[in-house]
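Q: Take a look at structure-v4.pdb, PDB, C-alpha atoms:
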```pdb
MODEL        1
ATOM      1  CA  MET A   1      -1.603 -29.322 -14.446
ATOM      2  CA  PRO A   2      -1.788 -28.446 -18.167
ATOM      3  CA  ASP A   3       0.527 -30.282 -20.533
ATOM      4  CA  LEU A   4       3.297 -27.707 -20.913
ATOM      5  CA  LYS A   5       5.815 -29.567 -23.028
ATOM      6  CA  THR A   6       6.740 -26.614 -25.229
ATOM      7  CA  ILE A   7       7.449 -22.910 -24.905
ATOM      8  CA  ASP A   8       4.468 -22.200 -27.164
ATOM      9  CA  ALA A   9       2.216 -24.094 -24.745
ATOM     10  CA  VAL A  10       3.448 -21.937 -21.851
ATOM     11  CA  GLN A  11       2.851 -18.733 -23.830
ATOM     12  CA  GLN A  12      -0.615 -19.924 -24.794
ATOM     13  CA  MET A  13      -1.486 -20.789 -21.193
ATOM     14  CA  LEU A  14      -0.401 -17.336 -20.030
ATOM     15  CA  SER A  15      -2.262 -15.706 -22.916
ATOM     16  CA  ASP A  16      -5.432 -17.584 -21.923
ATOM     17  CA  GLU A  17      -5.115 -15.909 -18.516
ATOM     18  CA  GLY A  18      -4.738 -12.449 -20.078
ATOM     19  CA  TYR A  19      -0.944 -12.283 -19.775
ATOM     20  CA  VAL A  20       0.791 -11.539 -23.081
ATOM     21  CA  CYS A  21       4.505 -12.307 -23.027
ATOM     22  CA  ASP A  22       7.255 -12.484 -25.621
ATOM     23  CA  ARG A  23       9.261 -15.567 -26.560
ATOM     24  CA  SER A  24      12.184 -14.815 -24.242
ATOM     25  CA  LEU A  25       9.981 -14.552 -21.140
ATOM     26  CA  GLY A  26       7.966 -17.590 -22.214
ATOM     27  CA  THR A  27      11.228 -19.543 -22.536
ATOM     28  CA  VAL A  28      12.501 -18.724 -19.047
ATOM     29  CA  VAL A  29       9.098 -19.562 -17.516
ATOM     30  CA  PHE A  30       9.115 -22.892 -19.374
ATOM     31  CA  LEU A  31      12.599 -23.669 -18.065
ATOM     32  CA  ALA A  32      11.682 -22.683 -14.499
ATOM     33  CA  LEU A  33       8.729 -25.090 -14.585
ATOM     34  CA  ARG A  34      10.664 -27.875 -16.301
ATOM     35  CA  LEU A  35      13.762 -27.656 -14.098
ATOM     36  CA  GLY A  36      12.031 -26.743 -10.836
ATOM     37  CA  ARG A  37      14.169 -23.615 -10.438
ATOM     38  CA  PRO A  38      13.084 -20.329  -8.826
ATOM     39  CA  LEU A  39      12.525 -17.537 -11.347
ATOM     40  CA  PHE A  40      13.961 -14.097 -10.544
ATOM     41  CA  LEU A  41      12.302 -11.236 -12.419
ATOM     42  CA  GLU A  42      13.724  -7.728 -12.388
ATOM     43  CA  GLY A  43      12.368  -4.616 -14.060
ATOM     44  CA  GLU A  44      10.690  -1.282 -13.533
ATOM     45  CA  ALA A  45       7.522  -1.147 -11.447
ATOM     46  CA  GLY A  46       4.368  -1.869 -13.403
ATOM     47  CA  VAL A  47       5.813  -3.985 -16.217
ATOM     48  CA  GLY A  48       3.994  -7.181 -15.202
ATOM     49  CA  LYS A  49       6.373  -9.068 -12.899
ATOM     50  CA  THR A  50       3.762  -9.748 -10.224
ATOM     51  CA  GLU A  51       1.037 -10.499 -12.751
ATOM     52  CA  ILE A  52       2.953 -13.434 -14.201
ATOM     53  CA  ALA A  53       2.773 -15.233 -10.847
ATOM     54  CA  LYS A  54      -0.986 -14.660 -10.749
ATOM     55  CA  ALA A  55      -1.383 -15.925 -14.317
ATOM     56  CA  LEU A  56       0.711 -19.012 -13.541
ATOM     57  CA  SER A  57      -1.317 -19.758 -10.435
ATOM     58  CA  THR A  58      -4.628 -19.572 -12.295
ATOM     59  CA  GLY A  59      -3.384 -21.322 -15.417
ATOM     60  CA  LEU A  60      -1.846 -24.213 -13.485
ATOM     61  CA  GLY A  61      -4.709 -24.469 -11.017
ATOM     62  CA  ARG A  62      -2.334 -23.936  -8.099
ATOM     63  CA  ARG A  63      -2.714 -21.881  -4.951
ATOM     64  CA  LEU A  64      -0.956 -18.498  -5.005
ATOM     65  CA  ILE A  65       0.946 -17.610  -1.822
ATOM     66  CA  ARG A  66       2.351 -14.077  -1.721
ATOM     67  CA  LEU A  67       5.119 -12.807   0.525
ATOM     68  CA  GLN A  68       5.128  -9.017   0.234
ATOM     69  CA  CYS A  69       8.594  -7.821   1.190
ATOM     70  CA  TYR A  70       9.320  -4.666   3.170
ATOM     71  CA  GLU A  71      12.185  -3.079   5.055
ATOM     72  CA  GLY A  72      12.791  -4.905   8.322
ATOM     73  CA  LEU A  73      11.167  -8.178   7.233
ATOM     74  CA  ASP A  74      12.791 -11.029   9.152
ATOM     75  CA  ALA A  75      12.718 -14.804   8.991
ATOM     76  CA  SER A  76      10.149 -15.287  11.744
ATOM     77  CA  SER A  77       7.689 -12.853  10.158
ATOM     78  CA  ALA A  78       8.033 -14.665   6.829
ATOM     79  CA  VAL A  79       7.763 -18.181   8.261
ATOM     80  CA  TYR A  80       5.594 -18.347  11.386
ATOM     81  CA  GLU A  81       4.612 -16.869  14.702
ATOM     82  CA  TRP A  82       2.872 -18.213  17.774
ATOM     83  CA  ASN A  83      -0.635 -17.126  18.724
ATOM     84  CA  PHE A  84       0.386 -15.565  22.042
ATOM     85  CA  PRO A  85      -3.104 -14.377  23.104
ATOM     86  CA  ALA A  86      -4.514 -17.885  22.654
ATOM     87  CA  GLN A  87      -1.517 -19.381  24.465
ATOM     88  CA  MET A  88      -2.056 -17.023  27.414
ATOM     89  CA  VAL A  89      -5.726 -18.047  27.611
ATOM     90  CA  ALA A  90      -4.670 -21.712  27.655
ATOM     91  CA  ILE A  91      -2.138 -21.029  30.422
ATOM     92  CA  ARG A  92      -4.690 -19.170  32.567
ATOM     93  CA  THR A  93      -7.239 -21.919  32.013
ATOM     94  CA  ALA A  94      -4.735 -24.612  33.022
ATOM     95  CA  GLU A  95      -3.762 -22.624  36.123
ATOM     96  CA  ALA A  96      -7.404 -22.202  37.118
ATOM     97  CA  THR A  97      -8.326 -25.859  36.696
ATOM     98  CA  GLY A  98      -5.002 -27.331  37.777
ATOM     99  CA  ASN A  99      -5.545 -30.245  35.409
ATOM    100  CA  ALA A 100      -2.498 -29.929  33.130
ATOM    101  CA  SER A 101       1.068 -30.802  34.034
ATOM    102  CA  ARG A 102       3.851 -28.405  33.085
ATOM    103  CA  SER A 103       5.294 -30.676  30.359
ATOM    104  CA  ALA A 104       1.870 -31.476  28.884
ATOM    105  CA  LEU A 105       0.973 -27.794  28.823
ATOM    106  CA  GLN A 106       4.209 -26.896  27.088
ATOM    107  CA  THR A 107       3.611 -29.585  24.442
ATOM    108  CA  GLU A 108       0.102 -28.286  23.875
ATOM    109  CA  LEU A 109       1.130 -24.633  23.667
ATOM    110  CA  PHE A 110       3.736 -25.291  20.980
ATOM    111  CA  SER A 111       1.577 -27.405  18.710
ATOM    112  CA  ASP A 112      -0.053 -26.729  15.346
ATOM    113  CA  GLU A 113      -3.155 -25.505  17.158
ATOM    114  CA  TYR A 114      -1.355 -22.315  18.205
ATOM    115  CA  LEU A 115       0.860 -21.945  15.146
ATOM    116  CA  ILE A 116       0.177 -19.063  12.760
ATOM    117  CA  GLU A 117       1.648 -19.976   9.398
ATOM    118  CA  ARG A 118       3.208 -17.223   7.305
ATOM    119  CA  PRO A 119       3.842 -17.466   3.524
ATOM    120  CA  LEU A 120       7.113 -19.426   3.516
ATOM    121  CA  LEU A 121       5.754 -22.106   5.844
ATOM    122  CA  GLN A 122       2.459 -22.247   3.927
ATOM    123  CA  ALA A 123       4.426 -22.875   0.732
ATOM    124  CA  MET A 124       6.153 -25.890   2.322
ATOM    125  CA  ARG A 125       2.893 -27.621   3.210
ATOM    126  CA  PRO A 126       1.440 -30.360   0.975
ATOM    127  CA  ASP A 127      -1.479 -29.335  -1.244
ATOM    128  CA  GLU A 128      -3.922 -31.657  -2.984
ATOM    129  CA  ASN A 129      -3.740 -29.489  -6.114
ATOM    130  CA  GLY A 130       0.049 -29.669  -6.283
ATOM    131  CA  ALA A 131       2.836 -27.408  -5.127
ATOM    132  CA  PRO A 132       1.680 -23.782  -4.825
ATOM    133  CA  VAL A 133       3.057 -20.753  -6.633
ATOM    134  CA  LEU A 134       5.122 -18.774  -4.106
ATOM    135  CA  LEU A 135       5.467 -15.101  -5.045
ATOM    136  CA  ILE A 136       8.229 -13.282  -3.155
ATOM    137  CA  ASP A 137       7.394  -9.756  -4.238
ATOM    138  CA  GLU A 138       9.758  -6.747  -4.245
ATOM    139  CA  LEU A 139      12.697  -8.561  -2.688
ATOM    140  CA  ASP A 140      14.838  -5.434  -3.084
ATOM    141  CA  ARG A 141      12.887  -3.822  -0.217
ATOM    142  CA  THR A 142      14.417  -6.249   2.310
ATOM    143  CA  ASP A 143      17.970  -6.312   3.690
ATOM    144  CA  GLU A 144      20.905  -8.707   3.370
ATOM    145  CA  PRO A 145      20.184 -10.864   6.477
ATOM    146  CA  PHE A 146      16.796 -11.802   5.056
ATOM    147  CA  GLU A 147      18.398 -12.553   1.687
ATOM    148  CA  ALA A 148      20.829 -14.919   3.423
ATOM    149  CA  PHE A 149      17.948 -16.715   5.153
ATOM    150  CA  LEU A 150      16.012 -16.931   1.907
ATOM    151  CA  LEU A 151      19.042 -18.389   0.153
ATOM    152  CA  GLU A 152      19.040 -21.287   2.613
ATOM    153  CA  ALA A 153      15.280 -21.773   2.477
ATOM    154  CA  LEU A 154      15.246 -21.923  -1.329
ATOM    155  CA  SER A 155      18.240 -24.239  -1.470
ATOM    156  CA  ASP A 156      16.582 -27.071   0.463
ATOM    157  CA  PHE A 157      12.942 -25.926   0.372
ATOM    158  CA  GLN A 158      12.658 -26.368   4.101
ATOM    159  CA  VAL A 159      12.259 -24.191   7.188
ATOM    160  CA  THR A 160      13.035 -24.843  10.836
ATOM    161  CA  ILE A 161      10.772 -24.025  13.761
ATOM    162  CA  PRO A 162      12.745 -24.532  16.997
ATOM    163  CA  GLU A 163       9.756 -25.851  18.942
ATOM    164  CA  LEU A 164       8.600 -28.221  16.180
ATOM    165  CA  GLY A 165      11.700 -29.081  14.153
ATOM    166  CA  THR A 166      12.394 -28.914  10.422
ATOM    167  CA  ILE A 167       9.533 -28.851   7.927
ATOM    168  CA  LYS A 168      10.452 -29.846   4.373
ATOM    169  CA  ALA A 169       8.268 -29.360   1.328
ATOM    170  CA  PRO A 170       7.135 -32.725  -0.112
ATOM    171  CA  GLU A 171       7.161 -30.996  -3.516
ATOM    172  CA  PRO A 172       9.086 -27.735  -4.063
ATOM    173  CA  PRO A 173       6.811 -24.752  -4.701
ATOM    174  CA  ILE A 174       6.951 -22.823  -7.967
ATOM    175  CA  VAL A 175       8.897 -19.747  -6.828
ATOM    176  CA  ILE A 176       8.726 -16.330  -8.483
ATOM    177  CA  LEU A 177      10.892 -13.551  -7.016
ATOM    178  CA  THR A 178      10.525  -9.960  -8.196
ATOM    179  CA  SER A 179      12.645  -6.847  -7.775
ATOM    180  CA  ASN A 180      12.193  -3.249  -8.893
ATOM    181  CA  ARG A 181      15.976  -2.886  -8.589
ATOM    182  CA  THR A 182      15.939  -0.118  -6.004
ATOM    183  CA  ARG A 183      19.087  -1.887  -4.807
ATOM    184  CA  GLU A 184      21.178  -4.799  -6.046
ATOM    185  CA  VAL A 185      20.222  -8.274  -4.830
ATOM    186  CA  HIS A 186      23.188 -10.440  -3.840
ATOM    187  CA  ASP A 187      24.700 -12.636  -6.560
ATOM    188  CA  ALA A 188      24.493 -15.759  -4.380
ATOM    189  CA  LEU A 189      20.698 -15.568  -4.397
ATOM    190  CA  LYS A 190      20.532 -14.800  -8.110
ATOM    191  CA  ARG A 191      22.671 -17.857  -8.855
ATOM    192  CA  ARG A 192      19.979 -20.051  -7.286
ATOM    193  CA  CYS A 193      17.480 -18.729  -9.820
ATOM    194  CA  LEU A 194      16.805 -18.386 -13.503
ATOM    195  CA  TYR A 195      16.937 -14.662 -14.313
ATOM    196  CA  HIS A 196      14.980 -12.417 -16.665
ATOM    197  CA  TRP A 197      14.793  -8.659 -17.080
ATOM    198  CA  VAL A 198      11.196  -7.631 -17.809
ATOM    199  CA  ASP A 199      11.382  -4.538 -19.989
ATOM    200  CA  TYR A 200       8.748  -2.136 -21.219
ATOM    201  CA  PRO A 201       6.999  -3.723 -24.219
ATOM    202  CA  ASP A 202       7.211  -2.272 -27.717
ATOM    203  CA  PHE A 203       4.144  -0.708 -29.352
ATOM    204  CA  ASP A 204       2.736  -3.900 -30.891
ATOM    205  CA  ARG A 205       3.225  -5.943 -27.726
ATOM    206  CA  GLU A 206       1.605  -3.279 -25.545
ATOM    207  CA  MET A 207      -1.331  -3.151 -27.940
ATOM    208  CA  GLU A 208      -1.760  -6.904 -27.502
ATOM    209  CA  ILE A 209      -1.634  -6.521 -23.727
ATOM    210  CA  LEU A 210      -4.180  -3.690 -23.731
ATOM    211  CA  GLN A 211      -6.537  -5.605 -26.015
ATOM    212  CA  ALA A 212      -6.296  -8.596 -23.668
ATOM    213  CA  ARG A 213      -6.877  -6.593 -20.482
ATOM    214  CA  ALA A 214      -9.298  -3.941 -21.801
ATOM    215  CA  PRO A 215     -10.942  -5.570 -24.835
ATOM    216  CA  GLU A 216     -13.848  -3.131 -24.780
ATOM    217  CA  ALA A 217     -11.573  -0.236 -25.783
ATOM    218  CA  ALA A 218     -11.885   0.779 -29.437
ATOM    219  CA  GLN A 219      -8.866   0.154 -31.639
ATOM    220  CA  ALA A 220      -8.364   3.847 -32.410
ATOM    221  CA  LEU A 221      -8.426   4.866 -28.739
ATOM    222  CA  SER A 222      -6.140   1.992 -27.756
ATOM    223  CA  ARG A 223      -3.580   3.018 -30.377
ATOM    224  CA  GLU A 224      -3.581   6.613 -29.122
ATOM    225  CA  VAL A 225      -3.280   5.518 -25.493
ATOM    226  CA  VAL A 226      -0.377   3.152 -26.154
ATOM    227  CA  ALA A 227       1.432   5.625 -28.408
ATOM    228  CA  PHE A 228       1.034   8.420 -25.831
ATOM    229  CA  VAL A 229       2.349   6.262 -22.982
ATOM    230  CA  GLN A 230       5.238   5.047 -25.123
ATOM    231  CA  GLN A 231       6.146   8.664 -25.865
ATOM    232  CA  LEU A 232       5.880   9.565 -22.174
ATOM    233  CA  ARG A 233       8.535   6.949 -21.401
ATOM    234  CA  THR A 234      11.015   8.914 -23.515
ATOM    235  CA  GLU A 235      10.391  12.110 -21.516
ATOM    236  CA  ASP A 236      12.408  13.223 -18.491
ATOM    237  CA  LEU A 237      10.063  11.976 -15.762
ATOM    238  CA  PHE A 238      10.724  10.926 -12.190
ATOM    239  CA  LYS A 239       8.612   7.763 -12.643
ATOM    240  CA  LYS A 240       7.820   6.502 -16.108
ATOM    241  CA  PRO A 241       4.400   4.874 -16.505
ATOM    242  CA  GLY A 242       4.328   1.083 -16.660
ATOM    243  CA  VAL A 243       1.984  -1.260 -18.471
ATOM    244  CA  ALA A 244      -0.272  -1.283 -15.414
ATOM    245  CA  GLU A 245      -0.768   2.476 -15.852
ATOM    246  CA  THR A 246      -1.551   2.018 -19.549
ATOM    247  CA  ILE A 247      -4.334  -0.411 -18.651
ATOM    248  CA  ASP A 248      -5.639   1.787 -15.819
ATOM    249  CA  TRP A 249      -5.694   4.860 -18.062
ATOM    250  CA  ALA A 250      -7.577   3.076 -20.838
ATOM    251  CA  LYS A 251     -10.194   1.912 -18.330
ATOM    252  CA  CYS A 252     -10.533   5.454 -16.948
ATOM    253  CA  LEU A 253     -11.051   6.816 -20.458
ATOM    254  CA  LEU A 254     -13.690   4.167 -21.114
ATOM    255  CA  ALA A 255     -15.468   5.126 -17.884
ATOM    256  CA  LEU A 256     -15.556   8.714 -19.161
ATOM    257  CA  ASP A 257     -16.881   7.583 -22.558
ATOM    258  CA  ALA A 258     -13.872   9.147 -24.284
ATOM    259  CA  ILE A 259     -13.522   8.118 -27.929
ATOM    260  CA  ASN A 260     -10.151   9.751 -28.518
ATOM    261  CA  LEU A 261      -7.452  11.718 -26.710
ATOM    262  CA  SER A 262      -7.600  15.471 -26.353
ATOM    263  CA  PRO A 263      -5.554  17.899 -24.239
ATOM    264  CA  GLU A 264      -8.583  18.359 -21.974
ATOM    265  CA  VAL A 265      -9.149  14.630 -21.428
ATOM    266  CA  ILE A 266      -5.441  14.098 -20.797
ATOM    267  CA  ALA A 267      -5.357  16.906 -18.207
ATOM    268  CA  ASP A 268      -8.358  15.411 -16.408
ATOM    269  CA  THR A 269      -6.902  11.901 -16.197
ATOM    270  CA  LEU A 270      -3.153  12.390 -15.712
ATOM    271  CA  GLY A 271      -3.395  10.891 -12.236
ATOM    272  CA  ALA A 272      -4.072   7.496 -13.821
ATOM    273  CA  ILE A 273      -0.689   7.370 -15.553
ATOM    274  CA  LEU A 274       1.585   9.639 -13.511
ATOM    275  CA  LYS A 275       1.972   9.234  -9.739
ATOM    276  CA  TYR A 276       4.187  12.198  -8.825
ATOM    277  CA  GLN A 277       3.078  15.831  -8.750
ATOM    278  CA  ASP A 278       6.290  17.055 -10.386
ATOM    279  CA  ASP A 279       5.661  14.777 -13.355
ATOM    280  CA  ILE A 280       2.034  15.875 -13.601
ATOM    281  CA  GLN A 281       3.055  19.549 -13.602
ATOM    282  CA  LYS A 282       5.432  18.917 -16.504
ATOM    283  CA  LEU A 283       2.545  17.589 -18.565
ATOM    284  CA  GLN A 284       0.184  20.469 -17.891
ATOM    285  CA  GLY A 285      -0.932  22.768 -20.693
ATOM    286  CA  SER A 286       1.075  22.960 -23.897
ATOM    287  CA  GLU A 287       3.414  20.079 -23.037
ATOM    288  CA  ALA A 288       0.619  17.493 -23.170
ATOM    289  CA  LYS A 289      -0.615  18.998 -26.448
ATOM    290  CA  ARG A 290       2.896  18.810 -27.920
ATOM    291  CA  ILE A 291       3.174  15.107 -27.108
ATOM    292  CA  LEU A 292      -0.363  14.434 -28.343
ATOM    293  CA  ASP A 293       0.390  16.159 -31.647
ATOM    294  CA  GLN A 294       3.490  13.995 -32.058
ATOM    295  CA  VAL A 295       1.452  10.892 -31.297
ATOM    296  CA  LYS A 296      -1.312  11.697 -33.770
ATOM    297  CA  ALA A 297       1.238  12.511 -36.453
ATOM    298  CA  SER A 298       3.010   9.184 -35.891
ATOM    299  CA  LEU A 299      -0.267   7.263 -36.149
ATOM    300  CA  GLU A 300      -1.338   8.867 -39.413
ATOM    301  CA  PRO A 301      -1.048   6.500 -42.382
ATOM    302  CA  ALA A 302       1.994   7.192 -44.520
TER
ENDMDL
END
```
When written as structure tokens, how does the structure in this file appear?

A:
Amino acid sequence: MPDLKTIDAVQQMLSDEGYVCDRSLGTVVFLALRLGRPLFLEGEAGVGKTEIAKALSTGLGRRLIRLQCYEGLDASSAVYEWNFPAQMVAIRTAEATGNASRSALQTELFSDEYLIERPLLQAMRPDENGAPVLLIDELDRTDEPFEAFLLEALSDFQVTIPELGTIKAPEPPIVILTSNRTREVHDALKRRCLYHWVDYPDFDREMEILQARAPEAAQALSREVVAFVQQLRTEDLFKKPGVAETIDWAKCLLALDAINLSPEVIADTLGAILKYQDDIQKLQGSEAKRILDQVKASLEPA
């Protein structure tokens, strides 16, 4: 593990992995690592919440384990399940040969050989490279019963499998939870974590991010792209573009050998930055030109 004794060292490590963060985010990541506390990140989709877990995993040399949340996710799906087809084959084989006693068969069936480990159980297992990074992504998609279970699991860093008993992590994983805030997450869970709101970056910060993630883009094109996306975020859109869309759009423009923005290029590539047809229709024709004119005027030297 790198020597991360300062906030600057954490920011530098993340920067080395292509993740540009400000001082406030670097501070809360430093504290989460130093204190061994889960880190809860909220913010709009596409602002880099998931990417920070990936950057931490690579920078620290730790395994990344991702639990993608969804409506209806329950404890068993997040922790483990038994390999029922393999268990049925073992039962039929034992019945055919008549070699296994009932108690021996039961012990065999509910052993590690037939256990399918899901993310939470995987995160509790020892790892020669150190505790893994556990990403619990889009927690707001789940419901309150799963939150209550997660609260207990993150309190003691252990899970219980009725057939095997309680499994406790020898070293607590580095936990990153994210939420797009489609609903409020319960305060009890937030209190277990350090909290940070990941906002859209300002112009200079987004330029740094784009240069890190798409270094082949010319400075002039990058400035136009960032300024256009920043202006889009002030418009009345159903879904404002995130940093991920800024990067995707720049890469699309590079693939088209575009050297600057024009109404025609924007019209051809709107699907890279806007993901809803209503938003795309608003930007058709003169509206895109109006925004582009504003952008070019703002970028002209005073």

Q: Using all atoms listed in the file for the distances, tell me which of A:Gly43, A:Leu254, A:Ile7, A:Gln281 is nearest to Ala267 of chain A.

A: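 Looking at the shortest contact to Ala267 of chain A, the residue is A:Gln281.
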
Q: Run the PyMOL selection byres ((chain A and resi 119) around 8) on the file and write out the hits as a CSV table (one decimal) with C-alpha atoms, in the frame of the given file.

A:
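Contents of the output file result_18.csv:
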```csv
chain,number,residue,atom,x,y,z
A,65,ILE,CA,0.9,-17.6,-1.8
A,66,ARG,CA,2.4,-14.1,-1.7
A,67,LEU,CA,5.1,-12.8,0.5
A,78,ALA,CA,8.0,-14.7,6.8
A,79,VAL,CA,7.8,-18.2,8.3
A,117,GLU,CA,1.6,-20.0,9.4
A,118,ARG,CA,3.2,-17.2,7.3
A,120,LEU,CA,7.1,-19.4,3.5
A,121,LEU,CA,5.8,-22.1,5.8
A,122,GLN,CA,2.5,-22.2,3.9
A,123,ALA,CA,4.4,-22.9,0.7
A,134,LEU,CA,5.1,-18.8,-4.1
```

Q: Closest to Ala220 of chain A among A:Glu300, A:Arg233, A:Ile280, A:Lys289, using only C-alpha atoms?

A: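 Closest to Ala220 of chain A of all the choices is A:Glu300.
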
Q: For this structure, which residues satisfy the selection - the PyMOL selection byres ((chain A and resi 19) around 9) - when it is evaluated on the file as given? I want them as a JSON list (two decimals) with C-alpha atoms, keeping the file's coordinate frame.

A:
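The result, stored in result.json:
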```json
[["chain", "number", "residue", "atom", "x", "y", "z"],
["A", 11, "GLN", "CA", 2.85, -18.73, -23.83],
["A", 13, "MET", "CA", -1.49, -20.79, -21.19],
["A", 14, "LEU", "CA", -0.40, -17.34, -20.03],
["A", 15, "SER", "CA", -2.26, -15.71, -22.92],
["A", 16, "ASP", "CA", -5.43, -17.58, -21.92],
["A", 17, "GLU", "CA", -5.12, -15.91, -18.52],
["A", 18, "GLY", "CA", -4.74, -12.45, -20.08],
["A", 20, "VAL", "CA", 0.79, -11.54, -23.08],
["A", 21, "CYS", "CA", 4.50, -12.31, -23.03],
["A", 48, "GLY", "CA", 3.99, -7.18, -15.20],
["A", 51, "GLU", "CA", 1.04, -10.50, -12.75],
["A", 52, "ILE", "CA", 2.95, -13.43, -14.20],
["A", 55, "ALA", "CA", -1.38, -15.92, -14.32],
["A", 209, "ILE", "CA", -1.63, -6.52, -23.73],
["A", 212, "ALA", "CA", -6.30, -8.60, -23.67],
["A", 213, "ARG", "CA", -6.88, -6.59, -20.48]]
```

Q: For atom CA of Leu35 of chain A and atom CA of Ile136 of chain A, determine how far apart the two atoms are, in Å to one decimal place.

A: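 Atom CA of Ile136 of chain A lies at a distance of 18.9 Å from atom CA of Leu35 of chain A.
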
Q: Can you tell me, as a list in words, what residues are no more than 12 Å from segment 87-103 of chain A when counting all atoms listed in the file, ignoring any on the same chain fewer than 4 positions away?

A: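 Near neighbours after the sequence-gap exclusion: Glu81, Trp82, Asn83, Thr107, Glu108, Leu109, Phe110, Ser111, Asp112, Glu113, Tyr114, Leu115 and Ile116 of chain A.
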
Q: Those residues with C-alpha atoms, as an mmCIF file, keeping the file's coordinate frame please?

A:
```cif
data_model
loop_
_atom_site.group_PDB
_atom_site.id
_atom_site.type_symbol
_atom_site.label_atom_id
_atom_site.label_comp_id
_atom_site.auth_asym_id
_atom_site.auth_seq_id
_atom_site.Cartn_x
_atom_site.Cartn_y
_atom_site.Cartn_z
ATOM 1 C CA GLU A 81 4.612 -16.869 14.702
ATOM 2 C CA TRP A 82 2.872 -18.213 17.774
ATOM 3 C CA ASN A 83 -0.635 -17.126 18.724
ATOM 4 C CA THR A 107 3.611 -29.585 24.442
ATOM 5 C CA GLU A 108 0.102 -28.286 23.875
ATOM 6 C CA LEU A 109 1.130 -24.633 23.667
ATOM 7 C CA PHE A 110 3.736 -25.291 20.980
ATOM 8 C CA SER A 111 1.577 -27.405 18.710
ATOM 9 C CA ASP A 112 -0.053 -26.729 15.346
ATOM 10 C CA GLU A 113 -3.155 -25.505 17.158
ATOM 11 C CA TYR A 114 -1.355 -22.315 18.205
ATOM 12 C CA LEU A 115 0.860 -21.945 15.146
ATOM 13 C CA ILE A 116 0.177 -19.063 12.760
#
```

Q: What does the distance between atom CA of Arg63 of chain A and atom CA of Asp156 of chain A come to in Å, to one decimal place?

A: 20.7 Å

Q: In Å, with one decimal, what is the gap from atom CA of Leu164 of chain A to atom CA of Tyr70 of chain A?

A: 26.9 Å

Q: What's the 12 Å shell around Glu144 of chain A, counting all atoms listed in the file, without same-chain residues fewer than 6 positions away, as a short mmCIF file (atom, residue, chain, number, x, y, z; two decimals) with C-alpha atoms, keeping the file's coordinate frame?

A:
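File produced: out16.cif:
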```cif
data_model
loop_
_atom_site.label_atom_id
_atom_site.label_comp_id
_atom_site.auth_asym_id
_atom_site.auth_seq_id
_atom_site.Cartn_x
_atom_site.Cartn_y
_atom_site.Cartn_z
CA GLU A 71 12.18 -3.08 5.06
CA GLY A 72 12.79 -4.90 8.32
CA LEU A 73 11.17 -8.18 7.23
CA ASP A 74 12.79 -11.03 9.15
CA ALA A 75 12.72 -14.80 8.99
CA LEU A 150 16.01 -16.93 1.91
CA LEU A 151 19.04 -18.39 0.15
CA ARG A 183 19.09 -1.89 -4.81
CA GLU A 184 21.18 -4.80 -6.05
CA VAL A 185 20.22 -8.27 -4.83
CA HIS A 186 23.19 -10.44 -3.84
CA ASP A 187 24.70 -12.64 -6.56
CA ALA A 188 24.49 -15.76 -4.38
CA LEU A 189 20.70 -15.57 -4.40
#
```

Q: Under the rule that only C-alpha atoms are counted, which of A:Gly61, A:Arg191, A:Thr27, A:Asp140 is the nearest residue to Glu128 of chain A?

A: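 Answer, going by the shortest atom-to-atom distance: A:Gly61.
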
Q: Calculated over only C-alpha atoms, which of the candidates A:Leu135, A:Ala244, A:Val229, A:Ile266 has the smallest distance to Cys69 of chain A?

A: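 Of all the options, A:Leu135 lies closest to Cys69 of chain A.
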
Q: May I ask which of the residues A:Pro173, A:Gly46, A:Pro85, A:Gly271 is the closest one to Arg125 of chain A, counting only C-alpha atoms?

A: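 Answer, going by the shortest atom-to-atom distance: A:Pro173.
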
Q: Taking all atoms of segment 128-139 of chain A that appear in the file, build a box with edges along x, y and z, extend it by 6 Å on every side, and state its centre and edge lengths in Å to one decimal, as AutoDock Vina command-line options.

A:
```
--center_x 4.4 --center_y -19.2 --center_z -4.7 --size_x 28.6 --size_y 36.9 --size_z 15.9
```

Q: Looking at only C-alpha atoms, which of A:Glu224, A:Glu216, A:Glu171, A:Glu235 is the one that sits closest to Asp293 of chain A?

A: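 For Asp293 of chain A, the nearest of the candidates is A:Glu224.
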
Q: Where does segment 41-121 of chain A meet segment 192-197 of chain A within 12 Å, residue by residue, with the nearest atom pair and distance in Å to one decimal for each, counting all atoms listed in the file, listed by chain and rising number, as JSON lines?

A:
```
{"residue": "A:Leu41", "atom": "CA", "partner": "A:His196", "partner_atom": "CA", "distance": 5.2}
{"residue": "A:Glu42", "atom": "CA", "partner": "A:Trp197", "partner_atom": "CA", "distance": 4.9}
{"residue": "A:Gly43", "atom": "CA", "partner": "A:Trp197", "partner_atom": "CA", "distance": 5.6}
{"residue": "A:Glu44", "atom": "CA", "partner": "A:Trp197", "partner_atom": "CA", "distance": 9.2}
{"residue": "A:Ala45", "atom": "CA", "partner": "A:Trp197", "partner_atom": "CA", "distance": 11.9}
{"residue": "A:Val47", "atom": "CA", "partner": "A:Trp197", "partner_atom": "CA", "distance": 10.2}
{"residue": "A:Gly48", "atom": "CA", "partner": "A:Trp197", "partner_atom": "CA", "distance": 11.1}
{"residue": "A:Lys49", "atom": "CA", "partner": "A:Trp197", "partner_atom": "CA", "distance": 9.4}
```

Q: Would you kindly translate the PyMOL selection byres ((chain A and resi 214) around 12) into the concrete residues it picks from this file, as a PyMOL selection string?

A: chain A and resi 18-19+206-213+215-219+221-222+225+244+246-255

Q: Please list as a list in words every residue within 10 Å of Arg37 of chain A, counting only C-alpha atoms and excluding residues in the same chain fewer than 4 positions away.

A: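 Near Arg37 of chain A, the qualifying residues are Val29, Leu31, Ala32, Leu33, Leu154, Ser155, Pro172, Pro173, Ile174, Val175, Ile176, Arg192, Cys193 and Leu194 of chain A.
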